[in-house]
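Structure data (mmCIF, C-alpha atoms) from query.cif:
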```
data_final
loop_
_atom_site.label_atom_id
_atom_site.label_comp_id
_atom_site.auth_asym_id
_atom_site.auth_seq_id
_atom_site.Cartn_x
_atom_site.Cartn_y
_atom_site.Cartn_z
CA MET A 1 40.75 99.82 13.32
CA ASP A 2 44.52 99.37 13.01
CA PHE A 3 45.94 100.01 9.53
CA THR A 4 49.57 99.59 10.65
CA ILE A 5 51.50 96.81 8.92
CA ASP A 6 53.75 94.54 11.00
CA SER A 7 57.51 94.05 10.74
CA GLU A 8 57.28 91.11 8.30
CA GLN A 9 54.98 93.08 6.02
CA LYS A 10 57.34 96.06 6.15
CA ALA A 11 60.17 93.73 5.16
CA LEU A 12 58.08 92.48 2.23
CA VAL A 13 57.44 96.05 1.07
CA LYS A 14 61.13 96.89 1.34
CA ALA A 15 62.17 93.78 -0.59
CA VAL A 16 59.66 94.21 -3.42
CA ARG A 17 60.46 97.93 -3.70
CA GLY A 18 64.18 97.25 -3.84
CA LEU A 19 63.80 94.61 -6.54
CA ILE A 20 61.32 96.37 -8.77
CA THR A 21 62.93 99.83 -8.60
CA ASN A 22 66.24 98.25 -9.53
CA VAL A 23 64.71 96.64 -12.63
CA TYR A 24 62.63 99.69 -13.63
CA GLU A 25 64.88 102.43 -12.31
CA SER A 26 63.49 104.96 -14.80
CA SER A 27 60.64 105.54 -17.20
CA GLU A 28 63.05 104.76 -20.03
CA ALA A 29 63.79 101.31 -18.60
CA ARG A 30 60.09 100.52 -18.52
CA ARG A 31 59.61 101.74 -22.10
CA GLU A 32 62.45 99.50 -23.25
CA ALA A 33 60.87 96.51 -21.51
CA THR A 34 57.42 97.09 -22.99
CA ALA A 35 58.85 97.63 -26.48
CA THR A 36 60.04 94.03 -26.74
CA ASP A 37 58.05 90.82 -26.23
CA PRO A 38 56.71 89.68 -23.85
CA GLY A 39 56.71 93.23 -22.44
CA PHE A 40 58.12 92.61 -18.95
CA THR A 41 61.50 91.59 -17.51
CA ALA A 42 61.25 91.02 -13.73
CA TRP A 43 59.01 87.91 -13.68
CA GLU A 44 61.72 85.37 -12.76
CA LYS A 45 63.11 87.67 -10.05
CA LEU A 46 59.66 88.09 -8.51
CA ALA A 47 59.28 84.31 -8.51
CA GLU A 48 62.66 83.86 -6.82
CA MET A 49 61.66 86.35 -4.13
CA GLY A 50 58.40 84.48 -3.50
CA VAL A 51 56.10 87.29 -4.61
CA LEU A 52 54.30 85.05 -7.11
CA SER A 53 53.33 82.64 -4.32
CA LEU A 54 51.71 85.29 -2.09
CA PRO A 55 48.07 84.65 -3.13
CA PHE A 56 48.49 80.96 -2.22
CA GLU A 57 50.47 81.31 0.98
CA ALA A 58 49.64 84.72 2.48
CA THR A 59 46.62 87.00 2.98
CA PRO A 60 45.11 89.68 0.71
CA VAL A 61 47.04 92.23 2.78
CA GLU A 62 50.43 90.92 1.61
CA VAL A 63 49.12 90.66 -1.96
CA SER A 64 47.98 94.28 -1.81
CA LEU A 65 51.34 95.48 -0.50
CA ALA A 66 53.16 93.81 -3.38
CA ALA A 67 50.67 95.11 -5.96
CA GLU A 68 51.03 98.64 -4.62
CA GLU A 69 54.82 98.56 -4.96
CA LEU A 70 54.50 97.28 -8.53
CA GLY A 71 52.08 100.11 -9.23
CA LYS A 72 54.49 102.76 -8.00
CA VAL A 73 56.76 102.07 -10.98
CA ILE A 74 53.85 100.83 -13.17
CA ALA A 75 55.75 97.56 -13.59
CA PRO A 76 54.32 95.79 -16.66
CA GLU A 77 54.44 92.34 -15.03
CA PRO A 78 50.97 90.69 -15.16
CA PHE A 79 50.95 90.03 -11.41
CA VAL A 80 47.25 90.58 -10.83
CA GLU A 81 46.13 89.09 -14.15
CA ALA A 82 48.16 85.89 -13.92
CA ILE A 83 48.75 85.29 -10.22
CA VAL A 84 45.89 86.86 -8.28
CA LEU A 85 43.12 86.22 -10.83
CA ALA A 86 44.05 83.13 -12.86
CA GLY A 87 46.15 81.53 -10.13
CA GLY A 88 43.48 82.35 -7.58
CA LEU A 89 40.87 80.53 -9.64
CA ILE A 90 43.04 77.44 -9.91
CA ASP A 91 43.49 77.53 -6.14
CA ALA A 92 39.78 78.05 -5.51
CA LEU A 93 38.27 75.64 -8.04
CA GLY A 94 40.95 73.16 -9.04
CA THR A 95 40.94 69.52 -8.03
CA ASP A 96 43.78 68.31 -5.83
CA GLU A 97 45.45 66.91 -8.93
CA GLN A 98 45.11 70.18 -10.86
CA LYS A 99 46.46 72.21 -7.95
CA LYS A 100 49.42 69.87 -7.65
CA GLN A 101 50.03 70.10 -11.38
CA TYR A 102 49.87 73.87 -11.74
CA LEU A 103 50.18 75.91 -8.54
CA ASP A 104 53.83 75.26 -7.74
CA ALA A 105 54.74 75.96 -11.37
CA VAL A 106 52.73 79.19 -11.33
CA ALA A 107 54.34 80.33 -8.07
CA GLY A 108 57.76 79.46 -9.48
CA GLY A 109 57.22 81.52 -12.61
CA GLU A 110 57.44 78.43 -14.83
CA ILE A 111 53.85 78.71 -16.08
CA LEU A 112 52.01 81.92 -16.92
CA PRO A 113 48.25 81.39 -16.56
CA VAL A 114 45.75 83.91 -17.92
CA LEU A 115 41.99 84.08 -17.49
CA ALA A 116 40.05 84.70 -20.70
CA TRP A 117 36.74 86.06 -19.40
CA MET A 118 35.91 89.34 -21.17
CA GLU A 119 33.87 89.12 -24.36
CA PRO A 120 33.27 91.49 -27.28
CA GLY A 121 30.22 93.66 -26.73
CA ARG A 122 29.82 92.79 -23.02
CA ARG A 123 30.88 94.76 -19.96
CA TRP A 124 32.69 92.95 -17.14
CA SER A 125 30.21 90.11 -16.67
CA ALA A 126 31.26 86.96 -14.82
CA ASP A 127 29.01 84.73 -16.90
CA ALA A 128 29.90 83.69 -20.45
CA SER A 129 27.88 83.64 -23.66
CA ALA A 130 30.27 84.26 -26.57
CA VAL A 131 32.23 81.06 -25.93
CA THR A 132 30.46 77.72 -25.48
CA PHE A 133 31.62 74.31 -24.31
CA ALA A 134 30.19 71.06 -25.64
CA ASP A 135 31.56 67.57 -26.31
CA GLY A 136 34.97 68.44 -24.89
CA VAL A 137 35.69 71.47 -27.11
CA LEU A 138 35.37 75.26 -26.97
CA ASN A 139 33.97 77.50 -29.69
CA GLY A 140 33.73 81.30 -29.78
CA VAL A 141 35.75 84.47 -29.20
CA LYS A 142 37.22 86.14 -26.11
CA ALA A 143 38.56 89.70 -26.16
CA PRO A 144 40.48 91.39 -24.75
CA VAL A 145 42.66 88.74 -23.11
CA VAL A 146 45.69 90.20 -21.34
CA GLN A 147 49.00 88.55 -22.29
CA ALA A 148 47.19 85.75 -24.16
CA GLU A 149 50.02 85.22 -26.63
CA ARG A 150 52.58 84.77 -23.83
CA ALA A 151 50.31 82.57 -21.69
CA ASP A 152 51.26 78.94 -21.17
CA LEU A 153 47.83 78.11 -19.80
CA LEU A 154 44.50 79.75 -20.64
CA LEU A 155 41.60 79.57 -18.22
CA VAL A 156 38.51 80.16 -20.36
CA THR A 157 35.03 80.93 -19.09
CA ALA A 158 32.39 79.30 -21.28
CA ALA A 159 28.66 78.72 -21.36
CA LEU A 160 27.65 75.18 -20.41
CA PRO A 161 25.11 73.10 -22.36
CA GLU A 162 22.97 72.70 -19.23
CA GLY A 163 23.18 76.41 -18.40
CA GLY A 164 25.58 78.41 -16.27
CA THR A 165 29.28 79.12 -16.78
CA GLY A 166 32.30 76.89 -16.30
CA VAL A 167 36.06 77.46 -16.36
CA PHE A 168 38.13 75.39 -18.77
CA LEU A 169 41.86 74.81 -19.17
CA VAL A 170 43.49 75.16 -22.59
CA GLU A 171 47.16 74.38 -23.16
CA GLY A 172 49.01 74.95 -26.40
CA ALA A 173 48.39 77.13 -29.41
CA THR A 174 45.12 78.88 -30.19
CA ALA A 175 44.23 81.56 -32.74
CA VAL A 176 45.54 84.74 -31.10
CA GLU A 177 45.61 88.25 -32.56
CA THR A 178 47.67 90.51 -30.28
CA THR A 179 47.78 94.29 -30.04
CA ILE A 180 49.86 96.61 -27.85
CA THR A 181 47.62 98.52 -25.46
CA ASN A 182 47.79 102.20 -24.58
CA ASP A 183 49.76 101.43 -21.41
CA GLY A 184 52.39 99.34 -23.21
CA GLY A 185 50.85 95.99 -22.28
CA ARG A 186 49.63 93.18 -24.49
CA ALA A 187 46.02 92.18 -25.13
CA ALA A 188 44.57 89.81 -27.67
CA THR A 189 41.50 88.53 -29.40
CA VAL A 190 41.44 84.75 -28.92
CA THR A 191 39.35 82.60 -31.23
CA PHE A 192 38.39 79.05 -30.27
CA GLY A 193 37.35 76.63 -33.01
CA ASP A 194 36.71 73.12 -31.70
CA THR A 195 39.57 73.70 -29.25
CA PRO A 196 40.05 70.79 -26.81
CA ALA A 197 39.62 71.84 -23.19
CA VAL A 198 39.43 70.31 -19.72
CA GLN A 199 37.12 71.71 -17.05
CA LEU A 200 38.75 73.25 -14.00
CA GLY A 201 37.48 71.60 -10.86
CA GLU A 202 34.53 69.29 -10.43
CA GLY A 203 32.28 70.91 -13.03
CA GLY A 204 28.88 72.55 -12.80
CA ASP A 205 28.04 76.24 -12.77
CA GLN A 206 31.07 78.16 -11.46
CA THR A 207 29.76 81.71 -11.96
CA ALA A 208 29.80 82.50 -8.23
CA ALA A 209 33.43 81.42 -7.86
CA ILE A 210 34.41 83.44 -10.93
CA GLU A 211 32.74 86.53 -9.46
CA ILE A 212 34.60 86.10 -6.16
CA ALA A 213 37.93 85.78 -8.00
CA LEU A 214 37.17 88.86 -10.09
CA ASN A 215 36.31 90.90 -6.99
CA ARG A 216 39.53 89.87 -5.25
CA ALA A 217 41.44 90.85 -8.38
CA ARG A 218 39.63 94.20 -8.49
CA ILE A 219 40.88 94.99 -4.99
CA ALA A 220 44.44 93.99 -5.92
CA TYR A 221 44.22 96.11 -9.08
CA ALA A 222 43.02 98.99 -6.90
CA HIS A 223 46.22 98.76 -4.88
CA GLU A 224 48.28 98.77 -8.05
CA ALA A 225 46.40 101.90 -9.11
CA LEU A 226 46.95 103.42 -5.66
CA GLY A 227 50.71 103.02 -6.07
CA ALA A 228 50.55 104.62 -9.52
CA MET A 229 48.48 107.54 -8.24
CA GLU A 230 50.92 108.16 -5.39
CA THR A 231 53.90 108.33 -7.74
CA ALA A 232 52.05 110.54 -10.21
CA LEU A 233 51.21 113.00 -7.43
CA THR A 234 54.74 112.93 -5.98
CA THR A 235 56.23 113.55 -9.42
CA THR A 236 53.84 116.43 -10.05
CA VAL A 237 54.49 118.12 -6.70
CA GLY A 238 58.24 117.79 -7.26
CA TYR A 239 57.85 119.44 -10.67
CA LEU A 240 55.85 122.33 -9.20
CA LYS A 241 58.59 122.90 -6.63
CA THR A 242 61.42 123.05 -9.16
CA ARG A 243 60.04 124.35 -12.49
CA LYS A 244 60.31 128.12 -12.78
CA GLN A 245 58.03 130.50 -14.64
CA PHE A 246 58.25 134.30 -14.53
CA GLY A 247 61.30 133.93 -12.31
CA VAL A 248 59.62 131.90 -9.56
CA THR A 249 58.80 128.23 -9.01
CA LEU A 250 55.34 127.07 -10.03
CA ASN A 251 54.30 126.29 -6.45
CA THR A 252 54.36 130.04 -5.87
CA PHE A 253 51.02 130.24 -7.69
CA GLN A 254 48.14 129.54 -5.35
CA ALA A 255 45.84 128.13 -8.02
CA LEU A 256 48.36 125.38 -8.82
CA ASN A 257 48.78 124.59 -5.13
CA HIS A 258 45.02 124.18 -4.85
CA ARG A 259 45.02 121.77 -7.79
CA ALA A 260 47.76 119.69 -6.16
CA ALA A 261 45.88 119.75 -2.83
CA ASP A 262 42.74 118.44 -4.55
CA MET A 263 44.82 115.60 -6.04
CA TYR A 264 46.12 114.76 -2.56
CA VAL A 265 42.61 114.65 -1.10
CA ALA A 266 41.49 112.34 -3.93
CA LEU A 267 44.48 110.07 -3.30
CA GLU A 268 43.86 109.78 0.44
CA LEU A 269 40.14 109.13 -0.02
CA ALA A 270 41.01 106.37 -2.47
CA ARG A 271 43.64 104.98 -0.08
CA SER A 272 41.17 104.76 2.81
CA THR A 273 38.52 103.04 0.69
CA ILE A 274 40.95 100.59 -0.91
CA MET A 275 42.57 99.67 2.42
CA TRP A 276 39.11 99.06 3.88
CA ALA A 277 38.27 96.81 0.93
CA THR A 278 41.43 94.79 1.56
CA ILE A 279 40.48 94.32 5.21
CA VAL A 280 37.07 93.08 4.08
CA ALA A 281 38.72 90.64 1.66
CA ALA A 282 41.09 89.39 4.38
CA ASP A 283 38.23 88.63 6.82
CA GLU A 284 37.35 84.93 6.67
CA ASP A 285 33.74 85.73 7.67
CA THR A 286 33.17 88.07 4.71
CA THR A 287 30.28 87.01 2.48
CA PRO A 288 30.47 87.13 -1.34
CA GLU A 289 28.00 90.02 -1.27
CA GLN A 290 30.15 92.01 1.16
CA LEU A 291 33.23 91.29 -0.96
CA ALA A 292 31.45 92.51 -4.09
CA THR A 293 30.42 95.73 -2.34
CA ALA A 294 33.96 96.38 -1.11
CA ALA A 295 35.39 95.66 -4.56
CA SER A 296 32.96 98.06 -6.22
CA HIS A 297 33.70 100.83 -3.73
CA SER A 298 37.44 100.46 -4.30
CA ALA A 299 37.07 100.23 -8.09
CA LEU A 300 34.85 103.31 -8.09
CA GLN A 301 37.54 105.27 -6.26
CA VAL A 302 40.13 104.03 -8.76
CA SER A 303 37.99 105.33 -11.60
CA VAL A 304 37.26 108.72 -10.04
CA ALA A 305 40.61 109.42 -8.35
CA GLY A 306 42.65 107.74 -11.07
CA SER A 307 41.19 109.93 -13.80
CA HIS A 308 41.54 113.02 -11.64
CA ILE A 309 45.15 112.46 -10.60
CA GLY A 310 46.31 111.00 -13.90
CA LEU A 311 44.95 113.76 -16.10
CA ASP A 312 45.74 116.62 -13.72
CA SER A 313 49.33 115.43 -13.38
CA ILE A 314 49.70 115.80 -17.14
CA GLN A 315 48.06 119.22 -17.18
CA LEU A 316 50.12 120.60 -14.30
CA HIS A 317 53.28 119.57 -16.13
CA GLY A 318 52.22 121.38 -19.26
CA GLY A 319 53.64 120.33 -22.62
CA ILE A 320 56.31 118.02 -21.22
CA GLY A 321 53.61 115.89 -19.62
CA MET A 322 52.32 115.00 -23.09
CA THR A 323 55.61 113.51 -24.27
CA ALA A 324 56.39 109.79 -24.38
CA GLU A 325 59.80 110.49 -22.85
CA TYR A 326 58.29 111.81 -19.61
CA SER A 327 56.72 109.50 -17.03
CA VAL A 328 53.40 111.06 -15.99
CA GLY A 329 51.62 110.28 -19.24
CA HIS A 330 52.46 106.59 -18.80
CA TYR A 331 50.99 106.66 -15.30
CA ALA A 332 47.78 108.18 -16.63
CA SER A 333 47.64 105.51 -19.36
CA ARG A 334 48.03 102.70 -16.85
CA LEU A 335 45.35 104.15 -14.56
CA ILE A 336 42.92 104.32 -17.47
CA ALA A 337 43.83 100.77 -18.53
CA ILE A 338 43.10 99.47 -15.01
CA GLN A 339 39.66 101.08 -15.15
CA HIS A 340 38.92 99.16 -18.34
CA LEU A 341 40.06 95.92 -16.71
CA ILE A 342 38.08 96.16 -13.47
CA GLY A 343 35.05 98.17 -14.58
CA ASP A 344 34.49 101.90 -14.89
CA ALA A 345 32.63 104.27 -12.57
CA ASP A 346 29.26 103.79 -14.27
CA PHE A 347 29.48 100.00 -13.96
CA HIS A 348 30.31 100.05 -10.25
CA ARG A 349 27.84 102.79 -9.40
CA ALA A 350 25.16 100.60 -10.98
CA ARG A 351 26.32 97.57 -8.98
CA LEU A 352 26.21 99.53 -5.74
CA ALA A 353 22.87 101.14 -6.57
CA ALA A 354 21.34 97.71 -7.12
CA THR A 355 22.04 96.83 -3.47
CA VAL A 356 20.70 100.02 -1.87
CA GLY A 357 17.47 98.28 -0.88
CA ASP A 358 19.45 95.65 1.07
CA HIS A 359 20.45 98.23 3.68
CA ASP A 360 18.44 99.72 6.54
CA VAL A 361 17.66 103.43 6.60
CA PHE A 362 19.92 105.31 9.00
CA ASP A 363 18.14 107.79 11.25
CA PRO A 364 20.70 110.33 12.53
CA ILE A 365 18.26 111.81 15.04
CA GLY A 366 16.50 109.00 16.80
#
```
Please rewrite the model in this file as structure tokens.
Amino acid sequence: MDFTIDSEQKALVKAVRGLITNVYESSEARREATATDPGFTAWEKLAEMGVLSLPFEATPVEVSLAAEELGKVIAPEPFVEAIVLAGGLIDALGTDEQKKQYLDAVAGGEILPVLAWMEPGRRWSADASAVTFADGVLNGVKAPVVQAERADLLLVTAALPEGGTGVFLVEGATAVETTITNDGGRAATVTFGDTPAVQLGEGGDQTAAIEIALNRARIAYAHEALGAMETALTTTVGYLKTRKQFGVTLNTFQALNHRAADMYVALELARSTIMWATIVAADEDTTPEQLATAASHSALQVSVAGSHIGLDSIQLHGGIGMTAEYSVGHYASRLIAIQHLIGDADFHRARLAATVGDHDVFDPIG
């Protein structure tokens, strides 16, 4: 299997890296961006470069390359939330008229769509129960909803009167209570009270399509996490090579070298799994079940390796790693936030365990 990217993909990586590292050239620049609403500053530039149109015009491979570069500087732009997930649902479910109305505006950065799917007291389920749709209006509560206050268009999953879950479009003001998250982002509790809404697509139960969109987003999030893990490890190794203690650099101590080596092994295992998941997502013959399995494997590695690398990078830095002025703590925060968005290790282990009986027993001898 060939994991090498072609010349056009290399050019995409170079372009995105050049743009995003220029905007967020330091940890301080990112902190300044997240301290003021809406919490990100490179959205229009990404639109001009064509990055926001990738999910609609390219393959999951190109989407993953862009997400990984954003992750390397933990750019606060809601690329996966708005473009891959919400935009992907519009592309997958929308009528021709809805696609014409929204997709070009989304790709051009003119409209920020956000999917409101998570509900209080429930864990990463594609179906809805806390918000209901009847007689043209929505009622209930969604939380947390990433960047809900900034969103121009909310895509809301809601329980249907006849059973199942649909996706509904809401434009304009709703009751939104926003908080700043641990990684500097924005999340909100959104309350719907007889809120007018229009169904996305032709109607009916759309749970399966929602699950597919969530799994594609999980793989894109995994690439963002992969970029963050790589930078956290690089920063930590650089610190061990330059920081002196007892007259020698920290990499002189074998125990610390072993810790860094373990972080590297975790990173490369995660990279292999996440790249495989992207290849699965890019294959037109992939079934929804295969996509779900690949997404859970990649998300599981994000949870395990992300916690390992994020927390060890802080510990190997010592006291400076705990400060808001230093970068590694922000990388750990973002890695933890991604876990809460895509599902933690327990959730994905349970999903994978539920499919064990679908596979044949492998006999290594005969």
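Taking all atoms listed in the file into account, A:Val304 lies nearest to A:Ala345 out of the set A:Ala107, A:Ala345, A:Ala47, A:Val176.
Going from atom CA of A:Thr157 over to atom CA of A:Glu119, you cover 9.8 Å.
Residue nearest A:Pro76 within the list A:Asp135, A:Glu224, A:Glu177, A:Glu211: A:Glu224 [criterion: smallest interatomic distance, only C-alpha atoms].
The residue that comes closest to A:Ala158, out of A:Met118, A:Ile219, A:Ile279, A:Val145 and on the basis of all atoms listed in the file, is A:Met118.
For the residues A:Leu169, A:Val198, A:Met275, A:Ile90, ranking by smallest atom-to-atom distance to A:Leu226 using all atoms listed in the file places A:Met275 first.
The two atoms in question, atom CA of A:Ala35 and atom CA of A:Val190, are spaced 21.8 Å apart.
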Mind checking which residues fall within 12 Å of A:Ala116, counting all atoms listed in the file, ignoring those fewer than 5 positions away in the same chain, and posting them as a PDB file with C-alpha atoms, in the frame of the given file?
```pdb
ATOM      1  CA  GLU A  81      46.130  89.090 -14.150  1.00  0.00           C
ATOM      2  CA  ALA A  82      48.160  85.890 -13.920  1.00  0.00           C
ATOM      3  CA  LEU A  85      43.120  86.220 -10.830  1.00  0.00           C
ATOM      4  CA  ALA A  86      44.050  83.130 -12.860  1.00  0.00           C
ATOM      5  CA  LEU A  89      40.870  80.530  -9.640  1.00  0.00           C
ATOM      6  CA  TRP A 124      32.690  92.950 -17.140  1.00  0.00           C
ATOM      7  CA  SER A 125      30.210  90.110 -16.670  1.00  0.00           C
ATOM      8  CA  ALA A 126      31.260  86.960 -14.820  1.00  0.00           C
ATOM      9  CA  ASP A 127      29.010  84.730 -16.900  1.00  0.00           C
ATOM     10  CA  ALA A 128      29.900  83.690 -20.450  1.00  0.00           C
ATOM     11  CA  ALA A 130      30.270  84.260 -26.570  1.00  0.00           C
ATOM     12  CA  VAL A 131      32.230  81.060 -25.930  1.00  0.00           C
ATOM     13  CA  GLY A 140      33.730  81.300 -29.780  1.00  0.00           C
ATOM     14  CA  VAL A 141      35.750  84.470 -29.200  1.00  0.00           C
ATOM     15  CA  LYS A 142      37.220  86.140 -26.110  1.00  0.00           C
ATOM     16  CA  ALA A 143      38.560  89.700 -26.160  1.00  0.00           C
ATOM     17  CA  PRO A 144      40.480  91.390 -24.750  1.00  0.00           C
ATOM     18  CA  VAL A 145      42.660  88.740 -23.110  1.00  0.00           C
ATOM     19  CA  VAL A 146      45.690  90.200 -21.340  1.00  0.00           C
ATOM     20  CA  GLN A 147      49.000  88.550 -22.290  1.00  0.00           C
ATOM     21  CA  ALA A 148      47.190  85.750 -24.160  1.00  0.00           C
ATOM     22  CA  GLU A 149      50.020  85.220 -26.630  1.00  0.00           C
ATOM     23  CA  ALA A 151      50.310  82.570 -21.690  1.00  0.00           C
ATOM     24  CA  LEU A 153      47.830  78.110 -19.800  1.00  0.00           C
ATOM     25  CA  LEU A 154      44.500  79.750 -20.640  1.00  0.00           C
ATOM     26  CA  LEU A 155      41.600  79.570 -18.220  1.00  0.00           C
ATOM     27  CA  VAL A 156      38.510  80.160 -20.360  1.00  0.00           C
ATOM     28  CA  THR A 157      35.030  80.930 -19.090  1.00  0.00           C
ATOM     29  CA  ALA A 158      32.390  79.300 -21.280  1.00  0.00           C
ATOM     30  CA  GLY A 166      32.300  76.890 -16.300  1.00  0.00           C
ATOM     31  CA  VAL A 167      36.060  77.460 -16.360  1.00  0.00           C
ATOM     32  CA  PHE A 168      38.130  75.390 -18.770  1.00  0.00           C
ATOM     33  CA  LEU A 169      41.860  74.810 -19.170  1.00  0.00           C
ATOM     34  CA  VAL A 170      43.490  75.160 -22.590  1.00  0.00           C
ATOM     35  CA  VAL A 176      45.540  84.740 -31.100  1.00  0.00           C
ATOM     36  CA  ALA A 187      46.020  92.180 -25.130  1.00  0.00           C
ATOM     37  CA  ALA A 188      44.570  89.810 -27.670  1.00  0.00           C
ATOM     38  CA  THR A 189      41.500  88.530 -29.400  1.00  0.00           C
ATOM     39  CA  VAL A 190      41.440  84.750 -28.920  1.00  0.00           C
ATOM     40  CA  THR A 191      39.350  82.600 -31.230  1.00  0.00           C
ATOM     41  CA  PHE A 192      38.390  79.050 -30.270  1.00  0.00           C
ATOM     42  CA  ILE A 210      34.410  83.440 -10.930  1.00  0.00           C
ATOM     43  CA  LEU A 214      37.170  88.860 -10.090  1.00  0.00           C
ATOM     44  CA  LEU A 341      40.060  95.920 -16.710  1.00  0.00           C
TER      45      LEU A 341
END
```
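The coordinates place atom CA of A:Thr273 at 26.9 Å from atom CA of A:Asn182.
Near A:His348, within 8 Å and counting all atoms listed in the file, sit Ser296, His297, Ala299, Leu300 and Gly343 of chain A, not including residues fewer than 5 positions from it in the same chain.
For the residues A:Glu97, A:Thr132, A:Glu8, A:Ala295, ranking by smallest atom-to-atom distance to A:Pro196 using only C-alpha atoms places A:Thr132 first.
The residue that comes closest to A:Thr286, out of A:Ala354, A:Ile212, A:Ala42, A:Ala232 and on the basis of only C-alpha atoms, is A:Ile212.
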